[in-house]
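Have a look at work.cif below; it lists mmCIF, N, CA and C atoms.
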data_query
#
loop_
_atom_site.label_atom_id
_atom_site.label_comp_id
_atom_site.auth_asym_id
_atom_site.auth_seq_id
_atom_site.Cartn_x
_atom_site.Cartn_y
_atom_site.Cartn_z
N MET A 288 116.38 105.24 -183.46
CA MET A 288 117.78 105.49 -183.75
C MET A 288 118.46 104.15 -184.04
N THR A 289 119.31 104.14 -185.05
CA THR A 289 119.99 102.90 -185.42
C THR A 289 121.33 102.80 -184.71
N SER A 290 121.95 101.64 -184.82
CA SER A 290 123.25 101.44 -184.20
C SER A 290 124.39 101.84 -185.14
N VAL A 291 124.09 102.39 -186.30
CA VAL A 291 125.10 102.84 -187.25
C VAL A 291 125.84 104.03 -186.65
N LEU A 292 127.17 104.01 -186.78
CA LEU A 292 127.96 105.14 -186.31
C LEU A 292 127.60 106.40 -187.09
N LEU A 293 127.48 107.49 -186.37
CA LEU A 293 127.12 108.75 -187.02
C LEU A 293 128.16 109.19 -188.03
N THR A 294 129.43 108.85 -187.83
CA THR A 294 130.47 109.24 -188.78
C THR A 294 130.28 108.57 -190.13
N GLU A 295 129.51 107.50 -190.19
CA GLU A 295 129.27 106.80 -191.45
C GLU A 295 128.03 107.32 -192.17
N LYS A 296 127.31 108.24 -191.56
CA LYS A 296 126.09 108.78 -192.15
C LYS A 296 126.37 110.13 -192.81
N THR A 297 125.44 110.55 -193.64
CA THR A 297 125.48 111.90 -194.19
C THR A 297 124.20 112.61 -193.79
N CYS A 298 124.28 113.91 -193.76
CA CYS A 298 123.10 114.70 -193.40
C CYS A 298 122.05 114.58 -194.50
N THR A 299 120.81 114.51 -194.08
CA THR A 299 119.70 114.47 -195.02
C THR A 299 118.96 115.79 -194.94
N PRO A 300 118.47 116.29 -196.07
CA PRO A 300 117.77 117.57 -196.04
C PRO A 300 116.58 117.53 -195.08
N CYS A 301 116.47 118.55 -194.27
CA CYS A 301 115.35 118.66 -193.34
C CYS A 301 114.49 119.82 -193.82
N ARG A 302 113.28 119.52 -194.26
CA ARG A 302 112.39 120.55 -194.79
C ARG A 302 111.37 121.01 -193.75
N GLY A 303 111.56 120.60 -192.53
CA GLY A 303 110.61 120.97 -191.50
C GLY A 303 109.51 119.93 -191.39
N GLY A 304 108.57 120.19 -190.51
CA GLY A 304 107.45 119.27 -190.34
C GLY A 304 107.77 118.05 -189.51
N VAL A 305 109.00 117.93 -189.03
CA VAL A 305 109.34 116.83 -188.13
C VAL A 305 109.64 117.43 -186.76
N PRO A 306 109.30 116.73 -185.72
CA PRO A 306 109.57 117.29 -184.39
C PRO A 306 111.06 117.25 -184.08
N PRO A 307 111.54 118.24 -183.32
CA PRO A 307 112.93 118.18 -182.88
C PRO A 307 113.13 117.02 -181.90
N LEU A 308 114.36 116.63 -181.73
CA LEU A 308 114.67 115.57 -180.77
C LEU A 308 114.26 115.97 -179.37
N THR A 309 113.81 115.00 -178.61
CA THR A 309 113.55 115.23 -177.20
C THR A 309 114.90 115.26 -176.47
N VAL A 310 114.89 115.68 -175.23
CA VAL A 310 116.12 115.69 -174.44
C VAL A 310 116.68 114.27 -174.35
N GLU A 311 115.83 113.29 -174.15
CA GLU A 311 116.27 111.90 -174.03
C GLU A 311 116.89 111.42 -175.34
N GLU A 312 116.27 111.75 -176.46
CA GLU A 312 116.83 111.35 -177.76
C GLU A 312 118.17 112.05 -178.01
N ALA A 313 118.24 113.32 -177.67
CA ALA A 313 119.49 114.06 -177.85
C ALA A 313 120.60 113.46 -176.99
N GLU A 314 120.29 113.09 -175.76
CA GLU A 314 121.29 112.47 -174.89
C GLU A 314 121.76 111.13 -175.46
N ALA A 315 120.86 110.39 -176.09
CA ALA A 315 121.25 109.11 -176.70
C ALA A 315 122.23 109.34 -177.86
N TYR A 316 121.99 110.36 -178.66
CA TYR A 316 122.92 110.70 -179.75
C TYR A 316 124.24 111.23 -179.19
N ARG A 317 124.17 111.95 -178.10
CA ARG A 317 125.35 112.58 -177.51
C ARG A 317 126.38 111.56 -177.03
N VAL A 318 125.97 110.31 -176.88
CA VAL A 318 126.91 109.25 -176.51
C VAL A 318 128.04 109.18 -177.54
N GLN A 319 127.73 109.44 -178.81
CA GLN A 319 128.75 109.42 -179.85
C GLN A 319 129.47 110.77 -179.98
N ALA A 320 129.00 111.78 -179.30
CA ALA A 320 129.62 113.12 -179.33
C ALA A 320 129.68 113.67 -177.90
N PRO A 321 130.40 112.98 -177.01
CA PRO A 321 130.33 113.31 -175.59
C PRO A 321 130.88 114.68 -175.20
N GLU A 322 131.72 115.27 -176.01
CA GLU A 322 132.29 116.59 -175.68
C GLU A 322 131.33 117.73 -176.00
N TRP A 323 130.25 117.44 -176.68
CA TRP A 323 129.26 118.46 -177.03
C TRP A 323 128.27 118.61 -175.89
N MET A 324 127.90 119.85 -175.62
CA MET A 324 126.97 120.14 -174.53
C MET A 324 125.61 120.52 -175.10
N LEU A 325 124.56 120.05 -174.45
CA LEU A 325 123.21 120.49 -174.81
C LEU A 325 123.02 121.90 -174.27
N ARG A 326 122.49 122.78 -175.07
CA ARG A 326 122.27 124.17 -174.68
C ARG A 326 120.83 124.58 -175.01
N ASP A 327 120.40 125.66 -174.38
CA ASP A 327 119.08 126.26 -174.65
C ASP A 327 117.95 125.22 -174.62
N GLU A 328 117.86 124.55 -173.48
CA GLU A 328 116.81 123.55 -173.26
C GLU A 328 116.84 122.46 -174.32
N ALA A 329 118.05 122.03 -174.66
CA ALA A 329 118.30 120.95 -175.62
C ALA A 329 117.80 121.27 -177.03
N THR A 330 117.87 122.56 -177.40
CA THR A 330 117.50 122.93 -178.78
C THR A 330 118.74 123.14 -179.65
N ARG A 331 119.93 123.07 -179.05
CA ARG A 331 121.17 123.15 -179.82
C ARG A 331 122.28 122.47 -179.03
N ILE A 332 123.36 122.14 -179.75
CA ILE A 332 124.55 121.61 -179.10
C ILE A 332 125.72 122.53 -179.42
N GLU A 333 126.70 122.53 -178.53
CA GLU A 333 127.84 123.43 -178.68
C GLU A 333 129.10 122.78 -178.14
N ARG A 334 130.22 123.11 -178.79
CA ARG A 334 131.52 122.65 -178.31
C ARG A 334 132.56 123.70 -178.64
N THR A 335 133.51 123.87 -177.74
CA THR A 335 134.66 124.72 -177.99
C THR A 335 135.88 123.83 -178.15
N TYR A 336 136.54 123.99 -179.28
CA TYR A 336 137.79 123.28 -179.56
C TYR A 336 138.94 124.20 -179.20
N ARG A 337 140.01 123.64 -178.68
CA ARG A 337 141.21 124.39 -178.33
C ARG A 337 142.33 124.02 -179.30
N PHE A 338 143.06 125.04 -179.75
CA PHE A 338 144.17 124.86 -180.68
C PHE A 338 145.39 125.59 -180.16
N LYS A 339 146.54 125.30 -180.76
CA LYS A 339 147.80 125.89 -180.31
C LYS A 339 147.92 127.37 -180.64
N ASN A 340 147.21 127.82 -181.68
CA ASN A 340 147.39 129.20 -182.12
C ASN A 340 146.22 129.62 -183.04
N PHE A 341 146.29 130.84 -183.51
CA PHE A 341 145.25 131.37 -184.39
C PHE A 341 145.20 130.61 -185.71
N GLY A 342 146.37 130.30 -186.26
CA GLY A 342 146.43 129.60 -187.54
C GLY A 342 145.74 128.26 -187.52
N ASP A 343 145.94 127.50 -186.44
CA ASP A 343 145.27 126.20 -186.33
C ASP A 343 143.76 126.36 -186.16
N ALA A 344 143.35 127.36 -185.39
CA ALA A 344 141.91 127.63 -185.24
C ALA A 344 141.30 127.99 -186.59
N PHE A 345 142.00 128.83 -187.35
CA PHE A 345 141.50 129.23 -188.66
C PHE A 345 141.49 128.04 -189.63
N ALA A 346 142.51 127.19 -189.57
CA ALA A 346 142.54 126.00 -190.42
C ALA A 346 141.33 125.11 -190.14
N PHE A 347 140.97 124.98 -188.87
CA PHE A 347 139.79 124.19 -188.53
C PHE A 347 138.52 124.83 -189.09
N VAL A 348 138.41 126.15 -188.97
CA VAL A 348 137.23 126.84 -189.50
C VAL A 348 137.11 126.58 -191.01
N ARG A 349 138.23 126.61 -191.70
CA ARG A 349 138.23 126.39 -193.15
C ARG A 349 137.73 124.98 -193.50
N VAL A 350 138.26 123.95 -192.83
CA VAL A 350 137.82 122.59 -193.15
C VAL A 350 136.39 122.34 -192.64
N ALA A 351 136.02 122.99 -191.54
CA ALA A 351 134.64 122.87 -191.05
C ALA A 351 133.67 123.47 -192.07
N GLY A 352 134.05 124.58 -192.69
CA GLY A 352 133.22 125.19 -193.72
C GLY A 352 133.06 124.30 -194.94
N GLU A 353 134.15 123.64 -195.32
CA GLU A 353 134.08 122.71 -196.45
C GLU A 353 133.16 121.53 -196.13
N LEU A 354 133.27 121.00 -194.92
CA LEU A 354 132.38 119.92 -194.50
C LEU A 354 130.93 120.38 -194.51
N ALA A 355 130.68 121.56 -193.98
CA ALA A 355 129.30 122.09 -193.92
C ALA A 355 128.70 122.19 -195.32
N GLU A 356 129.49 122.65 -196.27
CA GLU A 356 129.00 122.74 -197.65
C GLU A 356 128.72 121.36 -198.23
N ALA A 357 129.61 120.41 -197.97
CA ALA A 357 129.44 119.05 -198.48
C ALA A 357 128.21 118.37 -197.88
N GLU A 358 127.94 118.64 -196.60
CA GLU A 358 126.82 118.01 -195.90
C GLU A 358 125.53 118.82 -196.00
N PHE A 359 125.61 120.03 -196.53
CA PHE A 359 124.46 120.94 -196.59
C PHE A 359 123.85 121.18 -195.21
N HIS A 360 124.74 121.29 -194.22
CA HIS A 360 124.30 121.54 -192.85
C HIS A 360 125.30 122.51 -192.23
N HIS A 361 124.84 123.71 -191.94
CA HIS A 361 125.75 124.82 -191.64
C HIS A 361 125.68 125.26 -190.18
N PRO A 362 126.80 125.10 -189.46
CA PRO A 362 126.86 125.51 -188.06
C PRO A 362 127.12 127.00 -187.91
N ASP A 363 126.92 127.49 -186.71
CA ASP A 363 127.38 128.82 -186.34
C ASP A 363 128.78 128.61 -185.76
N ILE A 364 129.74 129.41 -186.24
CA ILE A 364 131.13 129.25 -185.82
C ILE A 364 131.68 130.59 -185.34
N ASN A 365 132.34 130.56 -184.20
CA ASN A 365 133.01 131.72 -183.64
C ASN A 365 134.44 131.28 -183.34
N PHE A 366 135.43 132.08 -183.73
CA PHE A 366 136.80 131.66 -183.45
C PHE A 366 137.71 132.85 -183.18
N GLY A 367 138.84 132.53 -182.58
CA GLY A 367 139.87 133.52 -182.28
C GLY A 367 141.16 132.80 -181.98
N TRP A 368 142.07 133.46 -181.32
CA TRP A 368 143.38 132.88 -181.05
C TRP A 368 143.23 131.64 -180.17
N GLY A 369 143.51 130.47 -180.78
CA GLY A 369 143.54 129.22 -180.03
C GLY A 369 142.21 128.55 -179.74
N TYR A 370 141.13 129.04 -180.29
CA TYR A 370 139.84 128.38 -180.01
C TYR A 370 138.88 128.53 -181.20
N THR A 371 137.97 127.60 -181.27
CA THR A 371 136.84 127.68 -182.20
C THR A 371 135.63 127.12 -181.47
N THR A 372 134.56 127.88 -181.41
CA THR A 372 133.32 127.41 -180.80
C THR A 372 132.31 127.17 -181.91
N VAL A 373 131.73 125.99 -181.89
CA VAL A 373 130.76 125.59 -182.92
C VAL A 373 129.43 125.32 -182.24
N SER A 374 128.38 125.84 -182.84
CA SER A 374 127.02 125.63 -182.34
C SER A 374 126.18 125.04 -183.48
N LEU A 375 125.44 124.00 -183.16
CA LEU A 375 124.62 123.32 -184.16
C LEU A 375 123.17 123.24 -183.70
N ARG A 376 122.28 123.48 -184.62
CA ARG A 376 120.85 123.23 -184.45
C ARG A 376 120.23 123.23 -185.83
N THR A 377 119.09 122.63 -185.96
CA THR A 377 118.39 122.61 -187.24
C THR A 377 117.35 123.71 -187.20
N LYS A 378 117.64 124.76 -187.93
CA LYS A 378 116.80 125.96 -187.89
C LYS A 378 115.36 125.71 -188.35
N LYS A 379 115.18 124.84 -189.33
CA LYS A 379 113.84 124.57 -189.85
C LYS A 379 112.89 124.01 -188.80
N ILE A 380 113.44 123.28 -187.82
CA ILE A 380 112.58 122.69 -186.79
C ILE A 380 112.82 123.33 -185.42
N LYS A 381 113.67 124.36 -185.40
CA LYS A 381 113.95 125.10 -184.16
C LYS A 381 114.40 124.18 -183.03
N GLY A 382 115.26 123.24 -183.38
CA GLY A 382 115.75 122.31 -182.38
C GLY A 382 116.77 121.38 -182.98
N LEU A 383 116.98 120.27 -182.31
CA LEU A 383 117.99 119.31 -182.73
C LEU A 383 117.41 118.21 -183.60
N HIS A 384 118.25 117.75 -184.53
CA HIS A 384 117.93 116.68 -185.47
C HIS A 384 119.15 115.77 -185.51
N GLU A 385 118.99 114.57 -185.98
CA GLU A 385 120.14 113.67 -186.13
C GLU A 385 121.28 114.35 -186.90
N ASN A 386 120.96 115.18 -187.89
CA ASN A 386 121.98 115.87 -188.69
C ASN A 386 122.97 116.64 -187.81
N ASP A 387 122.49 117.25 -186.75
CA ASP A 387 123.36 118.03 -185.87
C ASP A 387 124.42 117.14 -185.24
N PHE A 388 124.06 115.95 -184.88
CA PHE A 388 125.01 115.03 -184.26
C PHE A 388 125.93 114.40 -185.30
N ILE A 389 125.44 114.19 -186.51
CA ILE A 389 126.31 113.74 -187.60
C ILE A 389 127.41 114.76 -187.82
N MET A 390 127.03 116.03 -187.91
CA MET A 390 128.03 117.08 -188.09
C MET A 390 128.99 117.14 -186.89
N ALA A 391 128.46 116.99 -185.70
CA ALA A 391 129.29 117.07 -184.49
C ALA A 391 130.41 116.03 -184.52
N VAL A 392 130.07 114.79 -184.80
CA VAL A 392 131.10 113.75 -184.78
C VAL A 392 132.09 113.92 -185.93
N LYS A 393 131.61 114.41 -187.04
CA LYS A 393 132.52 114.66 -188.17
C LYS A 393 133.44 115.84 -187.88
N LEU A 394 132.92 116.86 -187.22
CA LEU A 394 133.77 117.99 -186.82
C LEU A 394 134.81 117.54 -185.79
N ASP A 395 134.43 116.67 -184.87
CA ASP A 395 135.38 116.14 -183.90
C ASP A 395 136.54 115.45 -184.61
N ARG A 396 136.22 114.67 -185.60
CA ARG A 396 137.26 113.96 -186.36
C ARG A 396 138.19 114.96 -187.07
N LEU A 397 137.61 115.99 -187.69
CA LEU A 397 138.42 117.00 -188.36
C LEU A 397 139.33 117.73 -187.37
N ALA A 398 138.81 118.08 -186.23
CA ALA A 398 139.60 118.80 -185.23
C ALA A 398 140.79 117.99 -184.76
N SER A 399 140.62 116.69 -184.67
CA SER A 399 141.72 115.84 -184.20
C SER A 399 142.86 115.78 -185.22
N ASN A 400 142.58 116.18 -186.46
CA ASN A 400 143.61 116.17 -187.50
C ASN A 400 144.36 117.49 -187.65
N ILE A 401 143.93 118.51 -186.90
CA ILE A 401 144.60 119.81 -186.96
C ILE A 401 145.81 119.76 -186.04
N ALA A 402 146.93 120.23 -186.57
CA ALA A 402 148.21 120.21 -185.83
C ALA A 402 147.96 120.30 -184.37
#
Could I get this structure in the form of structure tokens?
Amino acid sequence: MTSVLLTEKTCTPCRGGVPPLTVEEAEAYRVQAPEWMLRDEATRIERTYRFKNFGDAFAFVRVAGELAEAEFHHPDINFGWGYTTVSLRTKKIKGLHENDFIMAVKLDRLASNIA
């Protein structure tokens, strides 16, 4: 892992054939995304964002979708009044990849810009 900030990176296509991150590697990446929790034996990360209302939650979902398309890395998103829960994992390797943490820190930045 390099010392480059994850917000400065872009997701790279993962075609499989690479091992998922170990728990230790995932924890090292999580230093840059501390609000994200390791789930399912460290095969995915998840965070719930809180917003003032449904409109702000929906606005976040919209910009998160645009980011996902730009990065070619698509999270699972669940939202409702005042919250959005995002779950990330790299399906091709059935676990975590650096891309998941790149998306996490970029989503954190987007969320901080929502009213």
Residue IDs satisfying the PyMOL selection byres (((chain A and resi 369-372 and name CA) around 6) and name CA), as number ranges by chain: A: 334-341, 344, 364-368, 373
Atom CA of A:Asp395 to atom CA of A:Met324, straight-line distance in Å: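 Between atom CA of A:Met324 and atom CA of A:Asp395 the gap works out to 13.2 Å.
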Minimum-distance residue to A:Gln319, chosen among A:Ala398, A:Arg302, A:Gly382, A:Leu293 (using only N, CA and C atoms): A:Leu293
Name the residues captured by the PyMOL selection byres ((chain A and resi 388) around 8) when it is applied to the shown file; answer as a list in words. Leu293, Thr294, Tyr316, Arg317, Gln319, Ala320, Leu375, Arg376, Leu383, His384, Glu385, Asn386, Asp387, Ile389, Met390, Ala391, Val392, Lys393 and Leu394 of chain A
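When only C-alpha atoms are used to measure the gap to A:Glu311, the shortest distance among A:Leu397, A:Val350, A:Ile380, A:Ala329 belongs to A:Ala329.
All residues of stretch 294-372 of chain A that DSSP, run on the backbone, classes as helix (DSSP H, G or I) are A:Thr294, A:Glu295, A:Val310, A:Glu311, A:Glu312, A:Ala313, A:Glu314, A:Ala315, A:Tyr316, A:Arg317, A:Phe341, A:Gly342, A:Asp343, A:Ala344, A:Phe345, A:Ala346, A:Phe347, A:Val348, A:Arg349, A:Val350, A:Ala351, A:Gly352, A:Glu353, A:Leu354, A:Ala355, A:Glu356, A:Ala357, A:Glu358.
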